[in-house]
>>> print(open('coords_20.cif').read())   # mmCIF, C-alpha atoms
data_start
#
loop_
_atom_site.label_atom_id
_atom_site.label_comp_id
_atom_site.auth_asym_id
_atom_site.auth_seq_id
_atom_site.Cartn_x
_atom_site.Cartn_y
_atom_site.Cartn_z
CA MET D 1 0.00 0.00 0.00
CA LYS D 2 1.29 3.48 -0.88
CA ILE D 3 0.04 7.05 -0.71
CA LEU D 4 1.07 9.90 -3.01
CA THR D 5 0.36 13.44 -1.83
CA ALA D 6 0.62 16.85 -3.50
CA ASP D 7 -0.69 20.37 -3.17
CA HIS D 8 -3.18 19.59 -5.93
CA VAL D 9 -4.93 16.40 -7.03
CA LEU D 10 -7.01 16.51 -10.22
CA PRO D 11 -9.35 13.51 -10.50
CA ILE D 12 -10.65 14.84 -13.88
CA ALA D 13 -14.05 13.25 -13.25
CA GLY D 14 -14.45 15.51 -10.19
CA GLU D 15 -13.34 18.82 -8.73
CA PRO D 16 -9.64 19.49 -8.01
CA ILE D 17 -8.59 18.71 -4.45
CA SER D 18 -6.23 20.99 -2.56
CA ASN D 19 -3.67 19.22 -0.38
CA GLY D 20 -4.84 15.93 -1.79
CA ALA D 21 -3.71 12.34 -1.93
CA VAL D 22 -4.11 9.16 -3.93
CA ALA D 23 -3.93 5.78 -2.19
CA ILE D 24 -2.72 2.82 -4.26
CA ASP D 25 -2.94 -0.89 -3.49
CA GLY D 26 -1.04 -2.99 -6.02
CA THR D 27 -2.03 -1.73 -9.45
CA ASP D 28 -5.23 0.04 -8.44
CA ILE D 29 -6.44 3.29 -6.97
CA VAL D 30 -8.23 2.60 -3.69
CA ALA D 31 -8.91 6.14 -2.45
CA VAL D 32 -8.70 9.78 -3.59
CA GLY D 33 -9.29 12.74 -1.33
CA PRO D 34 -7.80 15.21 1.14
CA ALA D 35 -4.37 14.06 2.31
CA VAL D 36 -5.28 14.27 6.00
CA GLU D 37 -8.19 11.88 5.55
CA ILE D 38 -6.27 9.45 3.33
CA ARG D 39 -3.33 9.32 5.76
CA GLU D 40 -5.66 8.59 8.69
CA ARG D 41 -7.50 5.90 6.76
CA PHE D 42 -4.33 4.12 5.64
CA ALA D 43 -2.07 4.84 8.60
CA ASN D 44 0.48 2.12 7.77
CA ALA D 45 0.92 3.00 4.10
CA GLU D 46 4.18 4.27 2.65
CA VAL D 47 3.81 7.99 1.87
CA THR D 48 5.52 9.90 -0.94
CA GLU D 49 5.09 13.67 -0.75
CA PHE D 50 5.41 15.66 -3.98
CA GLY D 51 4.66 19.05 -2.42
CA LYS D 52 4.08 21.89 -4.86
CA ALA D 53 2.85 19.69 -7.67
CA ALA D 54 -0.27 18.27 -9.27
CA ILE D 55 -1.25 14.60 -9.41
CA LEU D 56 -3.54 13.75 -12.29
CA PRO D 57 -4.29 10.78 -14.55
CA GLY D 58 -1.50 9.98 -16.97
CA PHE D 59 -1.86 11.59 -20.37
CA VAL D 60 -3.19 9.39 -23.17
CA ASN D 61 -1.58 10.01 -26.55
CA CYS D 62 -4.18 8.34 -28.75
CA HIS D 63 -2.45 8.94 -32.11
CA SER D 64 1.28 8.44 -32.53
CA HIS D 65 3.86 6.83 -34.81
CA LEU D 66 6.69 5.81 -32.50
CA GLU D 67 8.62 3.90 -35.13
CA ILE D 68 9.42 7.03 -37.15
CA THR D 69 10.86 8.93 -34.21
CA ALA D 70 14.19 8.83 -36.08
CA MET D 71 12.70 11.32 -38.58
CA ARG D 72 12.51 14.12 -35.97
CA GLY D 73 13.71 17.25 -37.79
CA ALA D 74 14.71 15.29 -40.88
CA LEU D 75 11.79 16.59 -42.92
CA ASP D 76 11.66 20.18 -41.70
CA SER D 77 13.58 21.48 -44.70
CA VAL D 78 11.24 19.70 -47.12
CA GLU D 79 8.80 21.97 -48.87
CA HIS D 80 5.74 21.55 -46.71
CA ASP D 81 3.20 20.39 -49.16
CA PHE D 82 1.85 17.00 -48.12
CA ARG D 83 3.06 15.36 -51.33
CA SER D 84 6.75 16.23 -50.81
CA TRP D 85 6.61 15.25 -47.16
CA LEU D 86 5.04 11.84 -47.80
CA LEU D 87 7.48 10.97 -50.57
CA LYS D 88 10.52 11.98 -48.51
CA LEU D 89 9.22 10.12 -45.45
CA ASN D 90 8.80 6.90 -47.41
CA ASP D 91 12.32 7.22 -48.82
CA LEU D 92 13.87 7.73 -45.38
CA ARG D 93 11.86 4.93 -43.84
CA ALA D 94 12.85 2.46 -46.57
CA ALA D 95 16.52 3.14 -45.83
CA MET D 96 16.21 2.21 -42.13
CA SER D 97 16.99 -1.23 -40.73
CA ASP D 98 14.61 -3.04 -38.38
CA GLU D 99 17.05 -2.40 -35.53
CA GLU D 100 17.11 1.34 -36.26
CA ILE D 101 13.32 1.49 -36.37
CA GLU D 102 13.04 -0.34 -33.04
CA ALA D 103 15.63 1.92 -31.38
CA ALA D 104 13.77 4.99 -32.65
CA ALA D 105 10.47 3.68 -31.33
CA TYR D 106 11.94 3.16 -27.87
CA LEU D 107 13.34 6.71 -27.85
CA GLY D 108 9.85 7.99 -28.62
CA ALA D 109 8.33 5.88 -25.87
CA VAL D 110 10.86 7.20 -23.34
CA GLU D 111 10.15 10.77 -24.43
CA GLY D 112 6.46 10.18 -23.80
CA ARG D 113 6.82 8.70 -20.33
CA GLU D 114 9.15 11.56 -19.33
CA ALA D 115 6.34 13.96 -20.28
CA GLY D 116 3.67 12.22 -18.21
CA VAL D 117 2.23 10.06 -21.01
CA THR D 118 1.18 6.69 -19.64
CA CYS D 119 -0.65 5.29 -22.66
CA PHE D 120 -0.13 5.42 -26.43
CA GLY D 121 -2.45 4.60 -29.30
CA ASP D 122 0.40 3.86 -31.69
CA ILE D 123 0.26 3.07 -35.39
CA GLY D 124 3.02 0.91 -36.80
CA ARG D 125 3.82 -0.35 -40.27
CA SER D 126 6.34 -2.80 -38.82
CA GLY D 127 4.16 -3.26 -35.75
CA HIS D 128 6.60 -5.08 -33.51
CA ALA D 129 8.84 -2.01 -33.08
CA GLY D 130 6.17 0.12 -31.42
CA MET D 131 4.87 -2.74 -29.32
CA ARG D 132 8.31 -3.68 -28.02
CA ALA D 133 9.11 -0.02 -27.34
CA MET D 134 5.99 0.47 -25.20
CA LYS D 135 6.59 -2.77 -23.32
CA ARG D 136 10.26 -1.97 -22.69
CA ALA D 137 9.37 1.53 -21.44
CA GLY D 138 6.74 0.13 -19.05
CA LEU D 139 3.88 1.94 -20.79
CA ARG D 140 0.29 1.01 -21.41
CA GLY D 141 -0.78 1.10 -25.03
CA MET D 142 -2.55 -0.18 -28.08
CA LEU D 143 -0.53 -0.99 -31.19
CA PHE D 144 -2.51 -0.62 -34.41
CA GLN D 145 -1.01 -2.74 -37.17
CA GLU D 146 -1.07 -0.59 -40.29
CA THR D 147 -1.83 -1.68 -43.84
CA GLU D 148 0.72 -1.47 -46.63
CA PHE D 149 -0.03 0.62 -49.75
CA SER D 150 -3.09 -1.29 -50.98
CA PRO D 151 -5.64 0.93 -52.78
CA ASP D 152 -6.36 -1.51 -55.64
CA ASN D 153 -9.39 -3.81 -55.21
CA ARG D 154 -7.72 -6.43 -57.41
CA THR D 155 -5.29 -7.24 -54.60
CA ALA D 156 -7.74 -6.82 -51.71
CA GLU D 157 -7.97 -10.49 -50.66
CA ASP D 158 -4.20 -10.98 -50.62
CA ASP D 159 -3.69 -7.63 -48.84
CA PHE D 160 -6.22 -8.64 -46.19
CA LYS D 161 -4.53 -12.02 -45.59
CA THR D 162 -1.15 -10.30 -45.25
CA LEU D 163 -2.56 -7.77 -42.75
CA ILE D 164 -4.28 -10.40 -40.60
CA ALA D 165 -1.12 -12.52 -40.53
CA LYS D 166 0.79 -9.52 -39.15
CA PHE D 167 -2.01 -8.81 -36.69
CA GLU D 168 -1.99 -12.39 -35.41
CA SER D 169 1.79 -12.31 -35.06
CA LEU D 170 1.50 -9.16 -32.96
CA GLN D 171 -1.16 -10.75 -30.79
CA GLY D 172 1.44 -13.28 -29.76
CA GLU D 173 3.40 -10.43 -28.15
CA ALA D 174 0.40 -8.71 -26.52
CA THR D 175 0.21 -8.33 -22.74
CA ASP D 176 -2.26 -6.96 -20.21
CA LEU D 177 -0.64 -3.55 -20.72
CA VAL D 178 -0.11 -3.50 -24.49
CA THR D 179 -2.84 -4.79 -26.81
CA VAL D 180 -3.38 -4.88 -30.58
CA GLY D 181 -5.68 -3.24 -33.13
CA LEU D 182 -5.74 -2.57 -36.88
CA SER D 183 -5.14 0.55 -38.94
CA PRO D 184 -6.39 0.73 -42.51
CA HIS D 185 -4.10 3.69 -43.14
CA ALA D 186 -6.22 6.16 -45.13
CA PRO D 187 -8.85 6.35 -47.88
CA TYR D 188 -6.18 7.02 -50.48
CA THR D 189 -4.01 4.00 -49.58
CA VAL D 190 -6.72 1.40 -48.87
CA GLY D 191 -9.19 0.14 -51.47
CA SER D 192 -12.93 -0.07 -50.83
CA MET D 193 -13.00 -3.87 -50.71
CA LEU D 194 -10.14 -4.02 -48.22
CA PHE D 195 -11.86 -1.39 -46.08
CA GLU D 196 -15.03 -3.49 -46.02
CA MET D 197 -13.14 -6.65 -45.06
CA ILE D 198 -11.27 -4.90 -42.25
CA ALA D 199 -14.47 -3.31 -40.94
CA GLN D 200 -16.26 -6.66 -40.92
CA PHE D 201 -13.31 -8.31 -39.16
CA SER D 202 -13.27 -5.51 -36.60
CA ILE D 203 -16.98 -5.79 -35.81
CA ILE D 204 -17.07 -9.60 -35.63
CA ASN D 205 -13.90 -9.93 -33.55
CA ARG D 206 -14.23 -6.68 -31.57
CA VAL D 207 -10.87 -5.46 -32.76
CA PRO D 208 -10.29 -1.67 -32.49
CA ILE D 209 -9.40 0.17 -35.69
CA THR D 210 -8.01 3.62 -36.43
CA ILE D 211 -7.87 5.53 -39.72
CA HIS D 212 -6.29 8.76 -40.97
CA ALA D 213 -9.36 10.60 -42.25
CA ALA D 214 -10.21 13.97 -43.77
CA GLU D 215 -6.67 15.17 -43.13
CA SER D 216 -5.71 17.31 -46.13
CA THR D 217 -6.84 19.22 -49.20
CA ASN D 218 -5.08 16.57 -51.34
CA GLU D 219 -7.35 13.95 -49.83
CA THR D 220 -10.46 16.08 -50.25
CA GLU D 221 -9.64 16.71 -53.90
CA LEU D 222 -9.19 13.00 -54.52
CA MET D 223 -12.35 11.94 -52.72
CA THR D 224 -14.70 14.59 -54.07
CA ARG D 225 -13.31 15.13 -57.60
CA GLY D 226 -10.96 12.25 -58.35
CA THR D 227 -8.06 14.56 -59.21
CA GLY D 228 -4.76 15.69 -57.73
CA PHE D 229 -1.55 14.23 -56.35
CA PHE D 230 -2.85 10.79 -55.40
CA THR D 231 -4.26 10.10 -58.88
CA GLU D 232 -0.77 10.76 -60.25
CA VAL D 233 0.61 8.12 -57.89
CA TYR D 234 -2.06 5.63 -58.97
CA GLU D 235 -1.26 6.21 -62.62
CA ARG D 236 2.47 5.75 -62.00
CA PHE D 237 1.94 2.37 -60.31
CA GLY D 238 -0.94 1.14 -62.49
CA VAL D 239 -3.47 1.21 -59.66
CA GLU D 240 -7.19 1.02 -60.39
CA TRP D 241 -9.10 3.34 -58.06
CA ALA D 242 -12.38 5.19 -58.65
CA SER D 243 -13.31 8.33 -56.72
CA PRO D 244 -16.58 8.07 -54.75
CA HIS D 245 -17.20 11.81 -55.37
CA CYS D 246 -18.13 12.45 -51.76
CA THR D 247 -16.36 13.39 -48.53
CA THR D 248 -14.11 10.91 -46.76
CA ILE D 249 -16.56 10.54 -43.87
CA GLU D 250 -19.52 9.87 -46.16
CA TYR D 251 -17.39 7.32 -48.06
CA LEU D 252 -16.48 5.48 -44.85
CA GLU D 253 -20.12 5.42 -43.84
CA ARG D 254 -21.17 4.02 -47.25
CA LEU D 255 -18.64 1.20 -46.87
CA GLY D 256 -19.88 0.34 -43.37
CA VAL D 257 -16.56 1.35 -41.83
CA LEU D 258 -18.11 3.89 -39.46
CA SER D 259 -20.24 1.07 -38.03
CA ALA D 260 -17.02 -0.33 -36.55
CA ARG D 261 -16.75 2.88 -34.48
CA PRO D 262 -13.22 3.65 -35.65
CA LEU D 263 -10.85 6.17 -34.13
CA LEU D 264 -10.52 8.79 -36.86
CA ALA D 265 -7.27 10.76 -36.82
CA HIS D 266 -7.25 14.46 -37.81
CA CYS D 267 -10.73 15.16 -39.28
CA VAL D 268 -9.68 18.63 -40.43
CA ALA D 269 -11.64 18.79 -43.69
CA VAL D 270 -15.07 17.88 -42.35
CA THR D 271 -18.50 19.33 -43.09
CA GLU D 272 -21.35 19.75 -40.64
CA SER D 273 -22.91 16.65 -42.19
CA ASP D 274 -19.65 14.76 -41.60
CA VAL D 275 -19.69 15.71 -37.93
CA GLU D 276 -23.26 14.46 -37.65
CA ARG D 277 -22.30 11.16 -39.30
CA ILE D 278 -19.35 10.66 -36.95
CA ALA D 279 -21.53 11.33 -33.92
CA ALA D 280 -24.42 9.17 -35.12
CA ASN D 281 -22.15 6.17 -35.69
CA GLY D 282 -20.29 6.48 -32.40
CA ALA D 283 -16.96 6.93 -34.15
CA ARG D 284 -14.23 8.77 -32.24
CA ILE D 285 -11.62 11.39 -33.11
CA ALA D 286 -7.91 11.74 -32.40
CA HIS D 287 -7.30 15.50 -32.49
CA CYS D 288 -3.76 16.40 -33.63
CA PRO D 289 -3.68 20.21 -33.85
CA LYS D 290 0.09 20.78 -33.95
CA SER D 291 0.64 18.28 -36.74
CA ASN D 292 -2.29 19.74 -38.67
CA ALA D 293 -0.87 23.24 -38.26
CA LYS D 294 2.66 22.27 -39.24
CA PHE D 295 1.36 21.06 -42.60
CA GLY D 296 -0.95 24.05 -42.94
CA HIS D 297 -3.90 21.68 -43.24
CA GLY D 298 -6.27 23.95 -41.35
CA PHE D 299 -8.38 23.94 -38.21
CA ALA D 300 -10.23 20.84 -37.03
CA PRO D 301 -13.43 22.11 -35.33
CA LEU D 302 -12.70 20.81 -31.83
CA GLU D 303 -15.53 22.54 -30.00
CA GLN D 304 -17.95 21.37 -32.69
CA PHE D 305 -16.84 17.77 -32.12
CA LEU D 306 -17.26 18.09 -28.37
CA ASP D 307 -20.62 19.84 -28.61
CA ALA D 308 -21.86 17.04 -30.90
CA GLY D 309 -21.04 14.53 -28.17
CA ILE D 310 -18.17 12.92 -30.07
CA THR D 311 -15.45 11.28 -28.01
CA VAL D 312 -12.21 13.20 -28.63
CA GLY D 313 -8.68 12.44 -27.48
CA LEU D 314 -5.39 14.20 -28.17
CA GLY D 315 -2.62 12.89 -30.41
CA SER D 316 0.88 14.17 -31.01
CA ASP D 317 1.14 12.31 -34.35
CA SER D 318 4.77 11.51 -35.20
CA VAL D 319 7.68 13.71 -34.20
CA ALA D 320 8.34 13.98 -37.93
CA SER D 321 5.27 16.22 -38.12
CA ASN D 322 5.24 17.67 -34.62
CA ASN D 323 8.83 17.40 -33.28
CA VAL D 324 7.80 16.64 -29.69
CA CYS D 325 5.54 14.26 -27.81
CA ASP D 326 4.19 16.58 -25.12
CA LEU D 327 0.46 16.49 -24.39
CA LEU D 328 0.57 19.50 -22.09
CA GLU D 329 2.04 21.57 -24.90
CA GLU D 330 -0.48 19.95 -27.27
CA SER D 331 -3.27 20.88 -24.86
CA ARG D 332 -2.21 24.52 -24.80
CA PHE D 333 -1.94 24.67 -28.57
CA ALA D 334 -5.28 22.89 -29.00
CA THR D 335 -7.02 25.32 -26.67
CA LEU D 336 -5.59 28.44 -28.28
CA ILE D 337 -6.07 27.36 -31.87
CA ALA D 338 -9.65 26.32 -31.15
CA ARG D 339 -10.37 29.78 -29.74
CA ASN D 340 -8.72 31.37 -32.76
CA ARG D 341 -10.52 29.30 -35.40
CA PRO D 342 -12.51 31.72 -37.59
CA GLU D 343 -15.78 29.77 -37.17
CA SER D 344 -15.35 29.21 -33.43
CA GLN D 345 -18.57 29.63 -31.47
CA ARG D 346 -17.16 29.42 -27.94
CA PHE D 347 -13.96 29.17 -25.93
CA ILE D 348 -12.51 25.82 -24.88
CA GLY D 349 -11.52 26.01 -21.20
CA PRO D 350 -8.55 24.38 -19.43
CA ARG D 351 -10.71 21.91 -17.50
CA GLU D 352 -12.31 20.70 -20.70
CA MET D 353 -8.92 20.42 -22.38
CA LEU D 354 -7.36 18.41 -19.56
CA ARG D 355 -10.25 15.99 -19.84
CA VAL D 356 -9.56 15.55 -23.56
CA ALA D 357 -5.86 14.87 -22.81
CA THR D 358 -6.65 12.19 -20.22
CA LEU D 359 -10.12 10.66 -20.01
CA GLY D 360 -10.97 11.66 -23.57
CA GLY D 361 -7.99 9.74 -24.89
CA ALA D 362 -8.88 6.74 -22.73
CA GLU D 363 -12.42 6.80 -24.12
CA ALA D 364 -11.07 7.13 -27.66
CA LEU D 365 -9.09 3.91 -27.17
CA GLY D 366 -11.91 2.14 -25.33
CA LEU D 367 -9.88 2.03 -22.12
CA ASP D 368 -11.93 4.41 -19.96
CA GLU D 369 -13.13 1.59 -17.70
CA ILE D 370 -9.60 1.20 -16.40
CA ILE D 371 -7.73 4.51 -16.96
CA GLY D 372 -8.24 8.21 -17.68
CA SER D 373 -9.47 9.50 -14.32
CA LEU D 374 -8.56 9.12 -10.66
CA ASP D 375 -11.44 6.87 -9.66
CA VAL D 376 -11.44 4.05 -7.14
CA GLY D 377 -10.96 0.74 -8.93
CA LYS D 378 -9.11 2.15 -11.91
CA ARG D 379 -5.46 1.41 -12.59
CA ALA D 380 -3.02 3.82 -10.92
CA ASP D 381 -1.68 5.38 -14.13
CA LEU D 382 -0.56 8.82 -12.97
CA ALA D 383 1.36 11.91 -14.01
CA ILE D 384 2.89 14.09 -11.28
CA ILE D 385 3.63 17.58 -12.58
CA SER D 386 5.82 20.11 -10.76
CA LEU D 387 4.36 23.59 -10.15
CA GLU D 388 7.58 25.09 -8.78
CA SER D 389 8.64 27.11 -11.81
CA ALA D 390 8.57 30.90 -11.75
CA ALA D 391 6.78 30.70 -15.11
CA GLN D 392 3.88 28.89 -13.44
CA ASN D 393 3.45 31.15 -10.41
CA PRO D 394 1.44 32.55 -8.75
CA ILE D 395 -1.16 29.83 -9.21
CA GLY D 396 -4.69 31.14 -9.03
CA ASP D 397 -6.23 28.28 -11.01
CA VAL D 398 -4.30 24.99 -11.10
CA GLU D 399 -6.03 23.77 -14.27
CA ALA D 400 -5.16 26.98 -16.10
CA ALA D 401 -1.59 26.77 -14.79
CA LEU D 402 -1.23 23.27 -16.22
CA VAL D 403 -2.67 24.08 -19.64
CA PHE D 404 -1.30 27.58 -20.19
CA SER D 405 1.98 27.68 -18.19
CA THR D 406 3.32 24.12 -18.11
CA ASN D 407 4.91 21.59 -20.42
CA GLY D 408 6.03 17.99 -20.30
CA ARG D 409 9.47 18.88 -18.96
CA ASP D 410 7.80 19.79 -15.66
CA THR D 411 6.91 16.14 -15.10
CA LEU D 412 8.30 14.82 -11.81
CA ALA D 413 7.15 11.20 -12.10
CA THR D 414 5.04 8.87 -14.19
CA TYR D 415 3.30 5.79 -12.80
CA VAL D 416 1.70 2.88 -14.66
CA GLY D 417 -0.24 0.32 -12.69
CA GLY D 418 0.95 1.81 -9.42
CA GLU D 419 4.67 1.57 -10.26
CA PRO D 420 6.94 4.47 -11.21
CA ILE D 421 8.24 4.10 -14.76
CA TYR D 422 9.92 7.52 -14.66
CA SER D 423 11.10 9.79 -11.86
CA ARG D 424 13.47 12.72 -11.74
CA ARG D 425 13.37 13.02 -7.99
CA PRO D 426 16.57 11.99 -6.12
#
>>> encode(input="coords_20.cif", output="structure tokens")
Amino acid sequence: MKILTADHVLPIAGEPISNGAVAIDGTDIVAVGPAVEIRERFANAEVTEFGKAAILPGFVNCHSHLEITAMRGALDSVEHDFRSWLLKLNDLRAAMSDEEIEAAAYLGAVEGREAGVTCFGDIGRSGHAGMRAMKRAGLRGMLFQETEFSPDNRTAEDDFKTLIAKFESLQGEATDLVTVGLSPHAPYTVGSMLFEMIAQFSIINRVPITIHAAESTNETELMTRGTGFFTEVYERFGVEWASPHCTTIEYLERLGVLSARPLLAHCVAVTESDVERIAANGARIAHCPKSNAKFGHGFAPLEQFLDAGITVGLGSDSVASNNVCDLLEESRFATLIARNRPESQRFIGPREMLRVATLGGAEALGLDEIIGSLDVGKRADLAIISLESAAQNPIGDVEAALVFSTNGRDTLATYVGGEPIYSRRP
């Protein structure tokens, strides 16, 4: 039995607690409340005092690509149209060995845990690299095995068999902490027949799926008009692909993919009708504002998603398109850019944003029964954030201080299942 105390405890599902404590027995939270009461109740427990700090649920990064961590900064000099970036990324990735990819993934996992991230929703082409990285770093996570380039319906059956073989291989490495899902990459790299097969497999076997969706103007042009960069790629490789002449979200609904309640990454280029379709189908969204902004893709309508009742979590995307994995920094950027969006109807507040970064991400991954808030019976996945910096003080509102004045480098410790996986305290 152990007790962690701090000047502030943020349960997320309830009001912040001043001079609070969290009691942990094994892997689970057994009590949350004022430190005086928790100490009296568990008088024989080991106590760790963090002082001027905040204890909150660990951050959930629900959209990442750990295995391309090696590309941090390598693409920043590339002309930032999506076409140039994608082509250069594929070239760099092809030149890497399996060992280099695995080492890069572990570096990304370590970066996350040092910034208070306790859980990743990670997409991997190689799959095993991201899974092994999360396991080695002591993290919780879900590894989504990604499809290869497979937009042609003529190869759909073989592409599906190849994907499921990789998925089943990954399942052999799964643990209680790190599980497996599928990622049909995007509408422009996955054919309609393959999408339908993956969706059916997901529904029948209850396998989570995630998809890059409505991310860019290139994608919108392809889906609605059948023109642009991606058609040039298809022509070069002899791919047969017919535009549905509708939005990405409508296309996914037509194919039955939205019925699998996928986690949709980005959703920048969405219409009001698209938002309604996402909500009606119970699909979820991984909001990646810094990555979107770095490409100049535009503003995803965060407050519109939330007001429609859509489950939304935060994602850093890869450090090739963000440069850092820091969900506090992502939270600040998400809040400010949402307020500054030309069509914005209201302000996103710090409390709402902290929920997106923790419980929202857990809900997006279907893990909210066990993580995402400081509730009795949930796993003790925690982030302890220092509030000692001059840049954070004075603290009039701890939630505002965390979102607007704090970043991942202020993390003192990160716990998963009640055990510290990172600490910078002596």
>>> resolve_selection(input="coords_20.cif", expression="the PyMOL selection byres ((chain D and resi 143) around 7)", output="list of chain:residue names")
D:Gly121, D:Asp122, D:Ile123, D:Gly124, D:Gly127, D:Gly130, D:Met131, D:Gly141, D:Met142, D:Phe144, D:Gln145, D:Thr179, D:Val180, D:Gly181
>>> write_last_selection(input="coords_20.cif", atoms="C-alpha atoms", output="tab-separated table (two decimals), in the frame of the given file")
chain	number	residue	atom	x	y	z
D	121	GLY	CA	-2.45	4.60	-29.30
D	122	ASP	CA	0.40	3.86	-31.69
D	123	ILE	CA	0.26	3.07	-35.39
D	124	GLY	CA	3.02	0.91	-36.80
D	127	GLY	CA	4.16	-3.26	-35.75
D	130	GLY	CA	6.17	0.12	-31.42
D	131	MET	CA	4.87	-2.74	-29.32
D	141	GLY	CA	-0.78	1.10	-25.03
D	142	MET	CA	-2.55	-0.18	-28.08
D	144	PHE	CA	-2.51	-0.62	-34.41
D	145	GLN	CA	-1.01	-2.74	-37.17
D	179	THR	CA	-2.84	-4.79	-26.81
D	180	VAL	CA	-3.38	-4.88	-30.58
D	181	GLY	CA	-5.68	-3.24	-33.13
>>> resolve_selection(input="coords_20.cif", expression="the PyMOL selection byres ((chain D and resi 168) around 12)", output="number ranges by chain")
D: 127-128, 144-145, 161-167, 169-174, 179-182, 207
>>> closest_residue(input="coords_20.cif", among="D:Thr358, D:Ser373, D:Ser344, D:Ser126", to="D:Val32", atoms="all atoms listed in the file")
D:Ser373
>>> atom_distance(input="coords_20.cif", atom1="atom CA of D:Lys52", atom2="atom CA of D:Ile385")
8.9 Å
>>> residues_near_point(input="coords_20.cif", point="(6.4, 4.3, -9.8)", cutoff="12 Å", atoms="all atoms listed in the file", output="ChimeraX atom specification")
/D:2-4,24,26-27,48,113,116,118,138-139,380-384,412-425
>>> resolve_selection(input="coords_20.cif", expression="the PyMOL selection byres ((chain D and resi 366-370) around 12)", output="MDAnalysis selection string")
chainID D and resid 13 27:29 57:58 60 62 119:121 140:142 176:179 181 206:210 261:263 282:284 311:313 355:356 358:365 371:381 416:417
>>> residues_near_point(input="coords_20.cif", point="(-6.3, 2.1, -50.3)", cutoff="8 Å", atoms="all atoms listed in the file", output="list in words")
Phe149, Ser150, Pro151, Asp152, Pro184, His185, Ala186, Pro187, Tyr188, Thr189, Val190, Gly191, Ser192, Leu194 and Phe195 of chain D
>>> closest_residue(input="coords_20.cif", among="D:Leu255, D:Ile249, D:Ala293, D:Ile12", to="D:Ala279", atoms="only C-alpha atoms")
D:Ile249
>>> residues_around(input="coords_20.cif", residues="D:Arg39", least_positions_apart="4", cutoff="9 Å", atoms="all atoms listed in the file", output="PyMOL selection string")
chain D and resi 3+21+23+34-35+43-45+47
>>> residues_around(input="coords_20.cif", residues="D:Gln392", least_positions_apart="5", cutoff="9 Å", atoms="all atoms listed in the file", output="ChimeraX atom specification")
/D:387,401-402,404-406
>>> decode(input="coords_20.cif", residues="stretch 117-137 of chain D", atoms="C-alpha atoms", output="short mmCIF file (atom, residue, chain, number, x, y, z; two decimals), in the first residue's frame")
data_model
loop_
_atom_site.label_atom_id
_atom_site.label_comp_id
_atom_site.auth_asym_id
_atom_site.auth_seq_id
_atom_site.Cartn_x
_atom_site.Cartn_y
_atom_site.Cartn_z
CA VAL D 117 2.23 10.06 -21.01
CA THR D 118 1.18 6.69 -19.64
CA CYS D 119 -0.65 5.29 -22.66
CA PHE D 120 -0.13 5.42 -26.43
CA GLY D 121 -2.45 4.60 -29.30
CA ASP D 122 0.40 3.86 -31.69
CA ILE D 123 0.26 3.07 -35.39
CA GLY D 124 3.02 0.91 -36.80
CA ARG D 125 3.82 -0.35 -40.27
CA SER D 126 6.34 -2.80 -38.82
CA GLY D 127 4.16 -3.26 -35.75
CA HIS D 128 6.60 -5.08 -33.51
CA ALA D 129 8.84 -2.01 -33.08
CA GLY D 130 6.17 0.12 -31.42
CA MET D 131 4.87 -2.74 -29.32
CA ARG D 132 8.31 -3.68 -28.02
CA ALA D 133 9.11 -0.02 -27.34
CA MET D 134 5.99 0.47 -25.20
CA LYS D 135 6.59 -2.77 -23.32
CA ARG D 136 10.26 -1.97 -22.69
CA ALA D 137 9.37 1.53 -21.44
#
